[in-house]
Amino acid sequence: MSTLVNAASRDALAATELQLLQATDGAGAAEITGLADELFGVAALLGRESALRRALADTSTEPRSREELAKQLLAGKLGARALPVVVEAVRSRWSSAKDLVGGLERLARVALLVQAERAGRLDAVEDELFRLGRIISAELELERLLADPAAAADGKAALVDELLGGKVEPVTQALVRQLVAHPRGGHVSEGLEELAELSAKRRERSVAHVRSAIELTEQQQQRLAATLQRIYSRPIAVHLEVDPTVGGGLLIKVGDEIIDGTTTGRLQSLRRDLAD
């Protein structure tokens, strides 16, 4: 998965996401799933066809020209909900053709998260994505297999179905299938954590990655989330990882900031103080 850092691409994504939300208005679960599949399909097409990708992202041409090209190629091949989203995407000004592809993939993921949100299952999806990321990061051979760009996408998707079928939310399974089919470099476990953060963002929350030597009770996690909300003045989603190596206390990472309340962290700080 890619992060859009350029301001132009972020603006393009925001404008296209508005169109996406309009496209999902009044849609049922099957329709939203179909919309997401079509957006993933267009992103995959542009990923393969470099000339087309460059033409649809070429900011030296008029937006209307890019729109007409998209309609000529995709009208009749995309549903009535997906086509306006793709048209808005190609009309927008992206910093690069790569960002256009990444933006379409992100919008497809957002569509699936919208589906989970409307079904009241977004919390479950977020939690499953985070836990899967932790599990896969600990299974090096599975990580290697799922991230292998040379492996057949259908085969990897089938493996995901075998591992997850009936055990997770349908939206979780769909997101993981798409991620392993088109990993775009990097680790699958990292992609899953990014998806969990995207899910949290749907509820306008930040994510706190918490490492603890022991499992925290639900009440303890709620108190921790309330404390972090007071510190950061915004809702915080707590993702807990049990890690005996932290020694005691908690190691909390919110964005680029680390709050080290572990025994190990305090010992390291003490050693640094003694060395000065």
# chains A, B, ... in the order shown; residues from 1 in each chain; ligands from 1

call {"tool": "select_by_dssp", "arguments": {"residues": "stretch 40-227 of chain A", "states": "strand (DSSP E or B)", "output": "list in words"}}
result
Ala75, Leu78, Ser206, Val207, Ala208, His209, Val210, Arg211 and Ser212 of chain A

call {"tool": "write_last_selection", "arguments": {"atoms": "all heavy atoms", "output": "mmCIF file, in the first residue's frame"}}
result
data_model
loop_
_atom_site.group_PDB
_atom_site.id
_atom_site.type_symbol
_atom_site.label_atom_id
_atom_site.label_comp_id
_atom_site.auth_asym_id
_atom_site.auth_seq_id
_atom_site.Cartn_x
_atom_site.Cartn_y
_atom_site.Cartn_z
ATOM 1 N N ALA A 75 -16.880 2.955 -20.379
ATOM 2 C CA ALA A 75 -18.343 2.973 -20.427
ATOM 3 C C ALA A 75 -18.843 1.617 -20.939
ATOM 4 O O ALA A 75 -18.347 1.078 -21.937
ATOM 5 C CB ALA A 75 -18.837 4.096 -21.329
ATOM 6 N N LEU A 78 -18.035 -0.702 -16.744
ATOM 7 C CA LEU A 78 -18.203 -0.426 -15.326
ATOM 8 C C LEU A 78 -19.665 -0.150 -15.031
ATOM 9 O O LEU A 78 -20.400 0.353 -15.881
ATOM 10 C CB LEU A 78 -17.363 0.796 -14.903
ATOM 11 C CG LEU A 78 -15.850 0.683 -15.004
ATOM 12 C CD1 LEU A 78 -15.199 1.982 -14.545
ATOM 13 C CD2 LEU A 78 -15.325 -0.488 -14.184
ATOM 14 N N SER A 206 -7.533 8.249 15.956
ATOM 15 C CA SER A 206 -6.146 7.866 15.786
ATOM 16 C C SER A 206 -5.968 6.461 16.343
ATOM 17 O O SER A 206 -6.812 5.961 17.082
ATOM 18 C CB SER A 206 -5.217 8.836 16.510
ATOM 19 O OG SER A 206 -5.293 10.125 15.933
ATOM 20 N N VAL A 207 -4.850 5.845 15.980
ATOM 21 C CA VAL A 207 -4.556 4.490 16.444
ATOM 22 C C VAL A 207 -3.353 4.526 17.381
ATOM 23 O O VAL A 207 -2.312 5.093 17.038
ATOM 24 C CB VAL A 207 -4.261 3.550 15.256
ATOM 25 C CG1 VAL A 207 -3.873 2.163 15.768
ATOM 26 C CG2 VAL A 207 -5.466 3.464 14.345
ATOM 27 N N ALA A 208 -3.504 3.933 18.559
ATOM 28 C CA ALA A 208 -2.384 3.762 19.487
ATOM 29 C C ALA A 208 -1.966 2.302 19.461
ATOM 30 O O ALA A 208 -2.766 1.416 19.799
ATOM 31 C CB ALA A 208 -2.794 4.174 20.891
ATOM 32 N N HIS A 209 -0.738 2.037 19.031
ATOM 33 C CA HIS A 209 -0.199 0.676 19.055
ATOM 34 C C HIS A 209 0.439 0.460 20.427
ATOM 35 O O HIS A 209 1.427 1.118 20.766
ATOM 36 C CB HIS A 209 0.820 0.480 17.940
ATOM 37 C CG HIS A 209 0.224 0.598 16.572
ATOM 38 N ND1 HIS A 209 -0.525 -0.399 16.006
ATOM 39 C CD2 HIS A 209 0.245 1.597 15.671
ATOM 40 C CE1 HIS A 209 -0.936 -0.026 14.812
ATOM 41 N NE2 HIS A 209 -0.479 1.189 14.591
ATOM 42 N N VAL A 210 -0.129 -0.435 21.201
ATOM 43 C CA VAL A 210 0.280 -0.631 22.594
ATOM 44 C C VAL A 210 0.885 -2.012 22.761
ATOM 45 O O VAL A 210 0.268 -3.020 22.391
ATOM 46 C CB VAL A 210 -0.934 -0.476 23.547
ATOM 47 C CG1 VAL A 210 -0.490 -0.691 25.002
ATOM 48 C CG2 VAL A 210 -1.572 0.894 23.370
ATOM 49 N N ARG A 211 2.095 -2.063 23.319
ATOM 50 C CA ARG A 211 2.735 -3.334 23.641
ATOM 51 C C ARG A 211 2.769 -3.482 25.155
ATOM 52 O O ARG A 211 3.192 -2.575 25.874
ATOM 53 C CB ARG A 211 4.147 -3.391 23.061
ATOM 54 C CG ARG A 211 4.170 -3.496 21.536
ATOM 55 C CD ARG A 211 5.544 -3.184 20.982
ATOM 56 N NE ARG A 211 6.555 -4.102 21.489
ATOM 57 C CZ ARG A 211 7.864 -3.875 21.379
ATOM 58 N NH1 ARG A 211 8.292 -2.767 20.799
ATOM 59 N NH2 ARG A 211 8.722 -4.753 21.854
ATOM 60 N N SER A 212 2.299 -4.630 25.635
ATOM 61 C CA SER A 212 2.230 -4.883 27.066
ATOM 62 C C SER A 212 2.745 -6.286 27.341
ATOM 63 O O SER A 212 2.559 -7.194 26.527
ATOM 64 C CB SER A 212 0.778 -4.748 27.542
ATOM 65 O OG SER A 212 0.633 -5.205 28.874
#

call {"tool": "residues_around", "arguments": {"residues": "stretch 223-231 of chain A", "least_positions_apart": "6", "cutoff": "12 Å", "atoms": "only C-alpha atoms", "output": "ChimeraX atom specification"}}
result
/A:205-210,216-217,237-240,250-254,259

call {"tool": "closest_atom_pairs", "arguments": {"of": "stretch 29-116 of chain A", "to": "stretch 8-19 of chain A", "cutoff": "8 Å", "atoms": "only C-alpha atoms", "output": "JSON lines"}}
result
{"residue": "A:Pro84", "atom": "CA", "partner": "A:Gln19", "partner_atom": "CA", "distance": 7.3}
{"residue": "A:Val85", "atom": "CA", "partner": "A:Gln19", "partner_atom": "CA", "distance": 5.7}
{"residue": "A:Glu88", "atom": "CA", "partner": "A:Thr16", "partner_atom": "CA", "distance": 5.7}
{"residue": "A:Ala89", "atom": "CA", "partner": "A:Thr16", "partner_atom": "CA", "distance": 5.6}
{"residue": "A:Ser92", "atom": "CA", "partner": "A:Ala12", "partner_atom": "CA", "distance": 5.3}
{"residue": "A:Arg93", "atom": "CA", "partner": "A:Ala12", "partner_atom": "CA", "distance": 5.9}
{"residue": "A:Trp94", "atom": "CA", "partner": "A:Ser9", "partner_atom": "CA", "distance": 4.5}
{"residue": "A:Ser95", "atom": "CA", "partner": "A:Ser9", "partner_atom": "CA", "distance": 5.5}
{"residue": "A:Ser96", "atom": "CA", "partner": "A:Ser9", "partner_atom": "CA", "distance": 7.9}
{"residue": "A:Asp99", "atom": "CA", "partner": "A:Ser9", "partner_atom": "CA", "distance": 6.6}
{"residue": "A:Leu100", "atom": "CA", "partner": "A:Ser9", "partner_atom": "CA", "distance": 7.8}
{"residue": "A:Gly103", "atom": "CA", "partner": "A:Leu13", "partner_atom": "CA", "distance": 6.1}
{"residue": "A:Leu107", "atom": "CA", "partner": "A:Glu17", "partner_atom": "CA", "distance": 6.6}

call {"tool": "closest_atom_pairs", "arguments": {"of": "stretch 46-113 of chain A", "to": "stretch 183-189 of chain A", "cutoff": "12 Å", "atoms": "only C-alpha atoms", "output": "Markdown table"}}
result
| residue | atom | partner | partner_atom | distance |
| --- | --- | --- | --- | --- |
| A:Gly47 | CA | A:Arg184 | CA | 9.7 |
| A:Lys98 | CA | A:Arg184 | CA | 10.7 |
| A:Val101 | CA | A:Arg184 | CA | 10.6 |
| A:Gly102 | CA | A:Arg184 | CA | 9.2 |
| A:Glu105 | CA | A:Arg184 | CA | 10.6 |

call {"tool": "write_last_selection", "arguments": {"atoms": "all heavy atoms", "output": "compact mmCIF listing (two decimals), in the first residue's frame"}}
result
# COMPACT_ATOMS: atom_id res chain seq x y z
N GLY A 47 -2.32 -0.34 -13.51
CA GLY A 47 -1.02 -0.82 -13.07
C GLY A 47 -0.29 -1.60 -14.15
O GLY A 47 0.94 -1.55 -14.24
N LYS A 98 1.35 7.05 -10.64
CA LYS A 98 1.37 6.04 -9.58
C LYS A 98 0.36 6.41 -8.48
O LYS A 98 -0.32 5.53 -7.94
CB LYS A 98 2.78 5.94 -9.00
CG LYS A 98 2.91 4.93 -7.86
CD LYS A 98 4.33 4.92 -7.33
CE LYS A 98 4.46 3.97 -6.14
NZ LYS A 98 5.83 3.97 -5.59
N VAL A 101 -3.20 5.42 -9.41
CA VAL A 101 -3.45 4.00 -9.17
C VAL A 101 -3.65 3.73 -7.68
O VAL A 101 -4.60 3.06 -7.26
CB VAL A 101 -2.29 3.14 -9.72
CG1 VAL A 101 -2.52 1.67 -9.38
CG2 VAL A 101 -2.17 3.32 -11.22
N GLY A 102 -2.74 4.29 -6.87
CA GLY A 102 -2.85 4.10 -5.43
C GLY A 102 -4.13 4.69 -4.87
O GLY A 102 -4.75 4.13 -3.95
N GLU A 105 -7.07 2.34 -5.59
CA GLU A 105 -7.04 1.19 -4.67
C GLU A 105 -7.55 1.61 -3.30
O GLU A 105 -8.33 0.88 -2.66
CB GLU A 105 -5.62 0.64 -4.56
CG GLU A 105 -5.15 -0.09 -5.80
CD GLU A 105 -3.76 -0.68 -5.62
OE1 GLU A 105 -3.04 -0.20 -4.71
OE2 GLU A 105 -3.41 -1.60 -6.38

call {"tool": "select_by_dssp", "arguments": {"residues": "stretch 169-242 of chain A", "states": "helix (DSSP H, G or I)", "output": "mmCIF file with C-alpha atoms, in the first residue's frame"}}
result
data_model
loop_
_atom_site.group_PDB
_atom_site.id
_atom_site.type_symbol
_atom_site.label_atom_id
_atom_site.label_comp_id
_atom_site.auth_asym_id
_atom_site.auth_seq_id
_atom_site.Cartn_x
_atom_site.Cartn_y
_atom_site.Cartn_z
ATOM 1 C CA PRO A 170 -16.565 -10.835 4.829
ATOM 2 C CA VAL A 171 -15.152 -7.310 4.444
ATOM 3 C CA THR A 172 -11.962 -8.342 6.254
ATOM 4 C CA GLN A 173 -11.556 -11.317 3.931
ATOM 5 C CA ALA A 174 -12.179 -9.163 0.839
ATOM 6 C CA LEU A 175 -9.596 -6.581 1.964
ATOM 7 C CA VAL A 176 -6.964 -9.235 2.654
ATOM 8 C CA ARG A 177 -7.623 -10.986 -0.686
ATOM 9 C CA GLN A 178 -7.088 -7.722 -2.548
ATOM 10 C CA LEU A 179 -3.977 -6.852 -0.552
ATOM 11 C CA VAL A 180 -2.201 -10.129 -1.308
ATOM 12 C CA ALA A 181 -3.327 -10.100 -4.943
ATOM 13 C CA VAL A 188 1.682 -7.844 3.902
ATOM 14 C CA SER A 189 1.705 -7.384 7.677
ATOM 15 C CA GLU A 190 2.468 -3.687 7.222
ATOM 16 C CA GLY A 191 -0.312 -3.413 4.654
ATOM 17 C CA LEU A 192 -2.746 -4.969 7.128
ATOM 18 C CA GLU A 193 -1.766 -2.457 9.804
ATOM 19 C CA GLU A 194 -2.324 0.375 7.314
ATOM 20 C CA LEU A 195 -5.754 -1.059 6.557
ATOM 21 C CA ALA A 196 -6.532 -1.165 10.282
ATOM 22 C CA GLU A 197 -5.522 2.486 10.543
ATOM 23 C CA LEU A 198 -7.673 3.358 7.534
ATOM 24 C CA SER A 199 -10.554 1.614 9.271
ATOM 25 C CA ALA A 200 -9.927 3.647 12.422
ATOM 26 C CA LYS A 201 -9.860 6.820 10.362
ATOM 27 C CA ARG A 202 -13.374 6.036 9.141
ATOM 28 C CA GLU A 218 -11.359 -4.696 28.432
ATOM 29 C CA GLN A 219 -11.853 -2.249 31.328
ATOM 30 C CA GLN A 220 -8.117 -1.477 31.396
ATOM 31 C CA GLN A 221 -8.088 -0.891 27.638
ATOM 32 C CA GLN A 222 -11.050 1.461 27.956
ATOM 33 C CA ARG A 223 -9.301 3.435 30.715
ATOM 34 C CA LEU A 224 -6.144 3.613 28.598
ATOM 35 C CA ALA A 225 -8.117 4.858 25.576
ATOM 36 C CA ALA A 226 -9.790 7.518 27.759
ATOM 37 C CA THR A 227 -6.405 8.643 29.107
ATOM 38 C CA LEU A 228 -4.903 8.870 25.617
ATOM 39 C CA GLN A 229 -7.965 10.784 24.405
ATOM 40 C CA ARG A 230 -7.359 13.370 27.136
ATOM 41 C CA ILE A 231 -3.689 13.615 26.168
ATOM 42 C CA TYR A 232 -4.282 13.979 22.424
#

call {"tool": "closest_residue", "arguments": {"among": "A:Leu46, A:Val160, A:Ala70, A:Val168", "to": "A:Glu128", "atoms": "only C-alpha atoms"}}
result
A:Val168

call {"tool": "closest_residue", "arguments": {"among": "A:Thr245, A:Thr24, A:Gln268, A:Ser233", "to": "A:Arg81", "atoms": "only C-alpha atoms"}}
result
A:Thr24
